[in-house]
file final15.pdb (PDB, C-alpha atoms)
ATOM      1  CA  MET A 288     -25.415 -16.301 -15.150
ATOM      2  CA  ASP A 289     -22.334 -15.502 -13.066
ATOM      3  CA  LEU A 290     -21.390 -12.200 -11.436
ATOM      4  CA  PHE A 291     -19.021 -11.080 -14.211
ATOM      5  CA  GLN A 292     -21.571 -11.758 -16.932
ATOM      6  CA  ARG A 293     -24.213  -9.792 -15.009
ATOM      7  CA  PHE A 294     -21.721  -6.947 -14.561
ATOM      8  CA  ALA A 295     -20.876  -6.959 -18.284
ATOM      9  CA  LEU A 296     -24.599  -6.635 -19.014
ATOM     10  CA  GLY A 297     -24.717  -3.531 -16.821
ATOM     11  CA  GLU A 298     -26.517  -4.888 -13.732
ATOM     12  CA  ILE A 299     -25.815  -2.340 -11.035
ATOM     13  CA  ASP A 300     -26.206  -4.896  -8.211
ATOM     14  CA  ALA A 301     -23.487  -7.053  -9.755
ATOM     15  CA  PHE A 302     -21.257  -4.007 -10.100
ATOM     16  CA  GLU A 303     -21.846  -3.071  -6.448
ATOM     17  CA  THR A 304     -20.782  -6.559  -5.386
ATOM     18  CA  LEU A 305     -17.613  -6.255  -7.475
ATOM     19  CA  VAL A 306     -16.851  -2.791  -6.096
ATOM     20  CA  ARG A 307     -17.134  -4.020  -2.526
ATOM     21  CA  GLN A 308     -14.972  -7.019  -3.365
ATOM     22  CA  PHE A 309     -12.205  -5.194  -5.260
ATOM     23  CA  GLN A 310     -12.162  -1.562  -4.027
ATOM     24  CA  GLY A 311      -9.534  -2.358  -1.378
ATOM     25  CA  ASP A 312      -7.210  -3.967  -3.928
ATOM     26  CA  VAL A 313      -7.629  -1.118  -6.409
ATOM     27  CA  TYR A 314      -6.989   1.479  -3.683
ATOM     28  CA  ALA A 315      -3.928  -0.372  -2.378
ATOM     29  CA  TRP A 316      -2.459  -0.520  -5.877
ATOM     30  CA  ILE A 317      -3.048   3.169  -6.586
ATOM     31  CA  VAL A 318      -1.765   4.412  -3.225
ATOM     32  CA  ARG A 319       1.468   2.486  -3.775
ATOM     33  CA  ILE A 320       2.034   4.493  -6.960
ATOM     34  CA  VAL A 321       0.779   7.974  -5.998
ATOM     35  CA  ARG A 322       1.698   7.702  -2.270
ATOM     36  CA  ASP A 323      -1.111  10.005  -1.131
ATOM     37  CA  PRO A 324      -4.198   8.439   0.530
ATOM     38  CA  GLY A 325      -6.597  11.278  -0.393
ATOM     39  CA  ILE A 326      -5.602  11.321  -4.052
ATOM     40  CA  ALA A 327      -5.626   7.510  -4.105
ATOM     41  CA  GLU A 328      -9.258   7.486  -2.894
ATOM     42  CA  ASP A 329     -10.317   9.921  -5.625
ATOM     43  CA  LEU A 330      -8.470   7.915  -8.263
ATOM     44  CA  THR A 331     -10.040   4.683  -6.962
ATOM     45  CA  VAL A 332     -13.528   6.163  -7.424
ATOM     46  CA  GLU A 333     -12.552   7.327 -10.930
ATOM     47  CA  THR A 334     -11.138   3.864 -11.718
ATOM     48  CA  LEU A 335     -14.308   2.104 -10.568
ATOM     49  CA  TRP A 336     -16.427   4.535 -12.575
ATOM     50  CA  ARG A 337     -14.315   3.871 -15.677
ATOM     51  CA  ILE A 338     -14.566   0.137 -15.089
ATOM     52  CA  TYR A 339     -18.346   0.412 -15.200
ATOM     53  CA  ARG A 340     -18.210   2.545 -18.336
ATOM     54  CA  ALA A 341     -15.884   0.016 -20.015
ATOM     55  CA  ARG A 342     -17.847  -3.059 -18.868
ATOM     56  CA  HIS A 343     -18.555  -4.100 -22.475
ATOM     57  CA  GLN A 344     -14.813  -4.488 -23.071
ATOM     58  CA  PHE A 345     -14.375  -6.897 -20.164
ATOM     59  CA  ARG A 346     -13.919 -10.527 -21.203
ATOM     60  CA  THR A 347     -16.056 -12.411 -18.707
ATOM     61  CA  ASP A 348     -13.590 -15.309 -18.707
ATOM     62  CA  GLY A 349     -10.731 -12.893 -17.963
ATOM     63  CA  ASN A 350      -9.101 -11.754 -14.752
ATOM     64  CA  PHE A 351     -11.155  -8.889 -13.299
ATOM     65  CA  ALA A 352      -8.537  -7.902 -10.701
ATOM     66  CA  ALA A 353      -5.789  -7.624 -13.333
ATOM     67  CA  TRP A 354      -8.060  -5.635 -15.666
ATOM     68  CA  ALA A 355      -8.984  -3.263 -12.829
ATOM     69  CA  ARG A 356      -5.311  -2.890 -11.886
ATOM     70  CA  ARG A 357      -4.412  -1.907 -15.433
ATOM     71  CA  ILE A 358      -7.084   0.807 -15.554
ATOM     72  CA  ALA A 359      -5.961   1.993 -12.107
ATOM     73  CA  THR A 360      -2.311   2.123 -13.199
ATOM     74  CA  ASN A 361      -3.110   4.223 -16.264
ATOM     75  CA  LEU A 362      -5.008   6.698 -14.108
ATOM     76  CA  ALA A 363      -2.266   6.823 -11.480
ATOM     77  CA  ILE A 364       0.394   7.430 -14.147
ATOM     78  CA  ASP A 365      -1.753  10.159 -15.739
ATOM     79  CA  HIS A 366      -2.004  11.757 -12.317
ATOM     80  CA  LEU A 367       1.788  11.665 -11.824
ATOM     81  CA  ARG A 368       2.249  13.148 -15.289
ATOM     82  CA  ARG A 369      -0.222  15.995 -14.681
ATOM     83  CA  LYS A 370       0.859  16.852 -11.195
ATOM     84  CA  ARG A 371       4.479  16.394 -10.273
ATOM     85  CA  PRO A 372       4.395  17.283  -6.535
ATOM     86  CA  GLU A 373       7.154  19.552  -5.381
ATOM     87  CA  GLN A 374       6.425  19.323  -1.683
ATOM     88  CA  SER A 375       8.294  16.865   0.515
ATOM     89  CA  LEU A 376       6.645  13.557   1.366
ATOM     90  CA  LEU A 377       8.401  13.618   4.741
ATOM     91  CA  ARG A 378       6.528  14.826   7.816
ATOM     92  CA  GLU A 379       7.580  18.205   9.191
ATOM     93  CA  PRO A 380       9.639  17.691  12.359
ATOM     94  CA  ALA A 381       8.064  18.949  15.612
ATOM     95  CA  GLY A 382      11.153  20.920  16.564
ATOM     96  CA  PRO A 383      14.727  21.628  15.498
ATOM     97  CA  LEU A 384      16.619  18.490  14.507
ATOM     98  CA  PRO A 385      20.117  17.578  15.716
ATOM     99  CA  PRO A 386      22.783  18.001  12.988
ATOM    100  CA  ASP A 387      23.043  14.302  12.058
ATOM    101  CA  GLN A 388      19.255  13.945  11.676
ATOM    102  CA  LEU A 389      19.116  17.196   9.746
ATOM    103  CA  LEU A 390      21.735  15.864   7.350
ATOM    104  CA  GLN A 391      19.824  12.602   7.002
ATOM    105  CA  ARG A 392      16.607  14.498   6.269
ATOM    106  CA  GLU A 393      18.334  16.626   3.639
ATOM    107  CA  THR A 394      19.675  13.484   1.986
ATOM    108  CA  GLN A 395      16.214  11.900   1.971
ATOM    109  CA  GLU A 396      14.708  15.041   0.446
ATOM    110  CA  LYS A 397      17.350  15.046  -2.287
ATOM    111  CA  ILE A 398      16.617  11.402  -3.052
ATOM    112  CA  GLN A 399      12.882  12.181  -3.219
ATOM    113  CA  GLN A 400      13.582  15.157  -5.447
ATOM    114  CA  ALA A 401      15.641  13.022  -7.833
ATOM    115  CA  PHE A 402      12.950  10.318  -7.774
ATOM    116  CA  ARG A 403      10.168  12.756  -8.646
ATOM    117  CA  ARG A 404      12.166  13.968 -11.644
ATOM    118  CA  LEU A 405      12.157  10.502 -13.214
ATOM    119  CA  PRO A 406       9.953   9.993 -16.274
ATOM    120  CA  VAL A 407       6.602   8.848 -14.845
ATOM    121  CA  LYS A 408       6.662   5.367 -16.375
ATOM    122  CA  LEU A 409      10.092   4.721 -14.889
ATOM    123  CA  GLN A 410       8.944   6.212 -11.597
ATOM    124  CA  ALA A 411       5.900   3.915 -11.448
ATOM    125  CA  ALA A 412       7.957   0.819 -12.326
ATOM    126  CA  ALA A 413      10.651   1.715  -9.775
ATOM    127  CA  THR A 414       8.109   2.424  -7.024
ATOM    128  CA  LEU A 415       6.317  -0.864  -7.519
ATOM    129  CA  ALA A 416       9.446  -2.975  -8.010
ATOM    130  CA  LEU A 417      11.957  -1.413  -5.626
ATOM    131  CA  VAL A 418       9.957   0.363  -2.933
ATOM    132  CA  GLU A 419       6.907  -1.887  -2.777
ATOM    133  CA  GLU A 420       8.710  -5.045  -3.990
ATOM    134  CA  ARG A 421       5.756  -6.265  -6.027
ATOM    135  CA  PRO A 422       6.333  -9.248  -8.330
ATOM    136  CA  TYR A 423       7.539  -8.311 -11.814
ATOM    137  CA  ASP A 424       4.783 -10.241 -13.590
ATOM    138  CA  GLU A 425       2.131  -8.351 -11.610
ATOM    139  CA  ILE A 426       3.757  -5.013 -12.501
ATOM    140  CA  ALA A 427       4.085  -5.996 -16.155
ATOM    141  CA  ASP A 428       0.421  -6.939 -16.277
ATOM    142  CA  ALA A 429      -0.630  -3.650 -14.692
ATOM    143  CA  LEU A 430       1.578  -1.585 -17.018
ATOM    144  CA  GLY A 431       0.429  -3.547 -20.048
ATOM    145  CA  THR A 432       3.950  -4.592 -20.972
ATOM    146  CA  SER A 433       6.365  -7.527 -20.636
ATOM    147  CA  VAL A 434       8.396  -8.550 -17.587
ATOM    148  CA  GLY A 435      11.579  -7.782 -19.546
ATOM    149  CA  ALA A 436      10.366  -4.263 -20.317
ATOM    150  CA  VAL A 437       9.595  -3.655 -16.625
ATOM    151  CA  LYS A 438      13.071  -4.836 -15.604
ATOM    152  CA  LEU A 439      14.602  -2.539 -18.188
ATOM    153  CA  ARG A 440      12.540   0.401 -16.894
ATOM    154  CA  VAL A 441      13.713  -0.325 -13.367
ATOM    155  CA  PHE A 442      17.328  -0.416 -14.534
ATOM    156  CA  ARG A 443      16.921   2.850 -16.413
ATOM    157  CA  ALA A 444      15.364   4.410 -13.317
ATOM    158  CA  VAL A 445      18.297   3.206 -11.185
ATOM    159  CA  ARG A 446      20.822   4.537 -13.694
ATOM    160  CA  ILE A 447      19.152   7.967 -13.894
ATOM    161  CA  LEU A 448      18.752   8.156 -10.124
ATOM    162  CA  ARG A 449      22.401   7.294  -9.619
ATOM    163  CA  LYS A 450      23.491  10.075 -11.998
ATOM    164  CA  GLN A 451      21.154  12.651 -10.463
ATOM    165  CA  LEU A 452      22.207  11.760  -6.923
ATOM    166  CA  ASN A 453      25.865  12.019  -7.887
ATOM    167  CA  ARG A 454      25.116  15.465  -9.299
ATOM    168  CA  LEU A 455      23.401  16.420  -6.031
ATOM    169  CA  GLY A 456      26.377  15.125  -4.063
ATOM    170  CA  VAL A 457      24.473  12.235  -2.488
ATOM    171  CA  ARG A 458      25.939   8.758  -2.188
ATOM    172  CA  PRO A 459      23.205   6.266  -1.257
TER
ATOM    173  CA  MET B   2      28.570  -2.508 -18.583
ATOM    174  CA  THR B   3      25.791  -1.796 -21.079
ATOM    175  CA  GLU B   4      22.159  -1.526 -20.027
ATOM    176  CA  HIS B   5      21.431  -4.838 -21.713
ATOM    177  CA  GLU B   6      24.290  -6.563 -19.879
ATOM    178  CA  MET B   7      23.127  -5.077 -16.600
ATOM    179  CA  PHE B   8      19.669  -6.376 -17.327
ATOM    180  CA  GLU B   9      20.979  -9.831 -18.140
ATOM    181  CA  HIS B  10      23.340 -10.072 -15.186
ATOM    182  CA  GLY B  11      21.470  -8.064 -12.625
ATOM    183  CA  MET B  12      17.875  -9.001 -13.032
ATOM    184  CA  THR B  13      18.219 -12.644 -13.895
ATOM    185  CA  ASP B  14      20.864 -13.615 -11.360
ATOM    186  CA  GLY B  15      19.815 -11.405  -8.474
ATOM    187  CA  LEU B  16      20.143  -7.718  -7.735
ATOM    188  CA  THR B  17      23.285  -5.809  -8.559
ATOM    189  CA  ASP B  18      24.888  -3.755  -5.791
ATOM    190  CA  GLU B  19      23.802  -0.594  -7.568
ATOM    191  CA  VAL B  20      20.149  -1.640  -7.639
ATOM    192  CA  ARG B  21      20.331  -2.798  -4.031
ATOM    193  CA  GLN B  22      21.790   0.538  -2.875
ATOM    194  CA  ILE B  23      19.203   2.594  -4.727
ATOM    195  CA  ARG B  24      16.415   0.345  -3.462
ATOM    196  CA  GLU B  25      17.509   0.831   0.138
ATOM    197  CA  ALA B  26      17.871   4.585  -0.355
ATOM    198  CA  LEU B  27      14.367   4.812  -1.830
ATOM    199  CA  GLN B  28      12.826   2.675   0.898
ATOM    200  CA  GLN B  29      14.363   4.964   3.524
ATOM    201  CA  SER B  30      13.419   8.179   1.743
ATOM    202  CA  LEU B  31       9.866   7.423   0.662
ATOM    203  CA  PRO B  32       7.706   7.005   3.757
ATOM    204  CA  PRO B  33       5.671   3.780   3.772
ATOM    205  CA  VAL B  34       2.023   4.173   2.815
ATOM    206  CA  ASN B  35      -0.936   2.553   4.535
ATOM    207  CA  THR B  36      -2.603   0.425   1.868
ATOM    208  CA  GLU B  37      -5.766  -0.184   3.926
ATOM    209  CA  LEU B  38      -8.815   1.563   2.513
ATOM    210  CA  ARG B  39     -10.345   3.713   5.270
ATOM    211  CA  ARG B  40     -13.937   3.884   4.001
ATOM    212  CA  ASP B  41     -16.390   2.260   1.649
ATOM    213  CA  LEU B  42     -16.186   4.024  -1.726
ATOM    214  CA  TRP B  43     -19.402   2.587  -3.196
ATOM    215  CA  PRO B  44     -21.542   5.666  -2.286
ATOM    216  CA  ALA B  45     -19.015   7.931  -4.042
ATOM    217  CA  VAL B  46     -18.956   5.663  -7.107
ATOM    218  CA  LEU B  47     -22.755   5.644  -7.222
ATOM    219  CA  ARG B  48     -22.873   9.459  -6.993
ATOM    220  CA  LYS B  49     -20.409   9.680  -9.848
ATOM    221  CA  LEU B  50     -22.434   7.259 -11.955
ATOM    222  CA  ASP B  51     -25.560   9.351 -11.367
ATOM    223  CA  ALA B  52     -23.809  12.667 -11.892
ATOM    224  CA  ARG B  53     -22.158  11.921 -15.189
ATOM    225  CA  PRO B  54     -24.669  10.787 -17.809
ATOM    226  CA  ALA B  55     -23.115   9.162 -20.829
ATOM    227  CA  ARG B  56     -21.882  11.837 -23.233
ATOM    228  CA  VAL B  57     -22.737  11.645 -26.910
ATOM    229  CA  PRO B  58     -19.453  10.806 -28.665
ATOM    230  CA  TRP B  59     -18.079  13.257 -31.221
ATOM    231  CA  TYR B  60     -18.636  10.918 -34.151
ATOM    232  CA  ASP B  61     -22.360  10.773 -33.364
ATOM    233  CA  TRP B  62     -22.496  14.558 -33.491
ATOM    234  CA  ALA B  63     -20.561  14.454 -36.785
ATOM    235  CA  LEU B  64     -23.065  11.969 -38.217
ATOM    236  CA  ILE B  65     -25.999  14.134 -37.122
ATOM    237  CA  GLY B  66     -24.341  17.185 -38.680
ATOM    238  CA  LEU B  67     -23.639  15.331 -41.910
ATOM    239  CA  SER B  68     -27.230  14.042 -42.141
ATOM    240  CA  ALA B  69     -28.639  17.517 -41.463
ATOM    241  CA  SER B  70     -26.420  19.001 -44.207
ATOM    242  CA  VAL B  71     -27.470  16.342 -46.720
ATOM    243  CA  PHE B  72     -31.164  16.936 -45.986
ATOM    244  CA  LEU B  73     -30.663  20.712 -46.179
ATOM    245  CA  PHE B  74     -29.046  20.587 -49.620
ATOM    246  CA  PHE B  75     -31.068  17.627 -50.982
ATOM    247  CA  PRO B  76     -34.508  17.838 -49.296
ATOM    248  CA  GLN B  77     -35.980  15.254 -51.677
ATOM    249  CA  LEU B  78     -33.813  12.629 -49.897
ATOM    250  CA  ILE B  79     -36.041  13.025 -46.820
ATOM    251  CA  LEU B  80     -38.759  11.111 -48.682
ATOM    252  CA  VAL B  81     -36.287   8.364 -49.700
ATOM    253  CA  PHE B  82     -35.062   8.186 -46.114
ATOM    254  CA  ALA B  83     -38.634   8.068 -44.735
ATOM    255  CA  TYR B  84     -39.527   5.301 -47.207
ATOM    256  CA  HIS B  85     -36.683   3.124 -45.833
ATOM    257  CA  LEU B  86     -37.553   3.660 -42.179
TER
END

call {"tool": "encode", "arguments": {"input": "final15.pdb", "output": "structure tokens"}}
result
Amino acid sequence: MDLFQRFALGEIDAFETLVRQFQGDVYAWIVRIVRDPGIAEDLTVETLWRIYRARHQFRTDGNFAAWARRIATNLAIDHLRRKRPEQSLLREPAGPLPPDQLLQRETQEKIQQAFRRLPVKLQAAATLALVEERPYDEIADALGTSVGAVKLRVFRAVRILRKQLNRLGVRP
Amino acid sequence: MTEHEMFEHGMTDGLTDEVRQIREALQQSLPPVNTELRRDLWPAVLRKLDARPARVPWYDWALIGLSASVFLFFPQLILVFAYHL
């Protein structure tokens, strides 16, 4: 009996082996979406727990990594939906900034602000496709949709961002 | 250009200027994240598995409630039920 079959039957040793093998991948995927290491760790634990709870639904001939990524994506998107962070993702400067850097920082904060206002599904697709430059088929698999739908979400995100940035007086 | 045309032209034949500009702006504005996991999460997963026993789903409670009601109003069915056990 192989590892996946033993996991599907609920063997905790098999699950431990899978956790140690895939926890890094699951974490990396989640942190790319939520962009906070602490939250990403918590969500990774939750994802792995849910994977164990849903072990009966796993097709042992299927792709475990892709299945795990899909569960992780749903959790990460739920997190973004529940908690839209208002604080800046940029580090606080140690001292006063010169005018040009101050202007640059303000622009970056406006771009972040506009990005955080995107609908979460568009935000997730845009983060993975544009910021992280992940392959479209991988994103589509994780979002449980088609490559075409992901591309359309990215385009919608770009269109909305462009409008919001114009409104904020920012030209990227 | 409609969204569909943008999709057709932009995403099949390479990035449009608009997408490229927004991508660069986002990459500069969103700080890069370290994707390396800093610690082993297995102990935390194990604690969570131990801490959260499987909950009885709502439909099981509904079935128990329904059975209890049936036996309360038709107690003679307990004998029929016991016979089939």

call {"tool": "closest_atom_pairs", "arguments": {"input": "final15.pdb", "of": "chain B", "to": "chain A", "cutoff": "6 Å", "atoms": "only C-alpha atoms", "output": "CSV"}}
result
residue,atom,partner,partner_atom,distance
B:Arg24,CA,A:Leu417,CA,5.3
B:Ala26,CA,A:Pro459,CA,5.7
B:Gln28,CA,A:Val418,CA,5.3
B:Ser30,CA,A:Gln395,CA,4.7
B:Thr36,CA,A:Ala315,CA,4.5
B:Leu38,CA,A:Gly311,CA,5.6
B:Val46,CA,A:Val332,CA,5.5

call {"tool": "resolve_selection", "arguments": {"input": "final15.pdb", "expression": "the PyMOL selection byres ((chain A and resi 290) around 10)", "output": "ChimeraX atom specification"}}
result
/A:288-289,291-296,298,300-302,304-305,347

call {"tool": "atom_distance", "arguments": {"input": "final15.pdb", "atom1": "CA of Val437 in chain A", "atom2": "CA of Leu409 in chain A"}}
result
8.6 Å

call {"tool": "atom_distance", "arguments": {"input": "final15.pdb", "atom1": "CA of Pro406 in chain A", "atom2": "CA of Ile447 in chain A"}}
result
9.7 Å

call {"tool": "atom_distance", "arguments": {"input": "final15.pdb", "atom1": "CA of Ala63 in chain B", "atom2": "CA of Asn361 in chain A"}}
result
28.8 Å

call {"tool": "closest_residue", "arguments": {"input": "final15.pdb", "among": "A:Val434, A:Val407, A:Ala427, A:Val457", "to": "Lys370 in chain A", "atoms": "only C-alpha atoms"}}
result
A:Val407

call {"tool": "closest_residue", "arguments": {"input": "final15.pdb", "among": "A:Ser433, A:Asn453, A:Leu330, A:Arg368", "to": "Ala401 in chain A", "atoms": "only C-alpha atoms"}}
result
A:Asn453
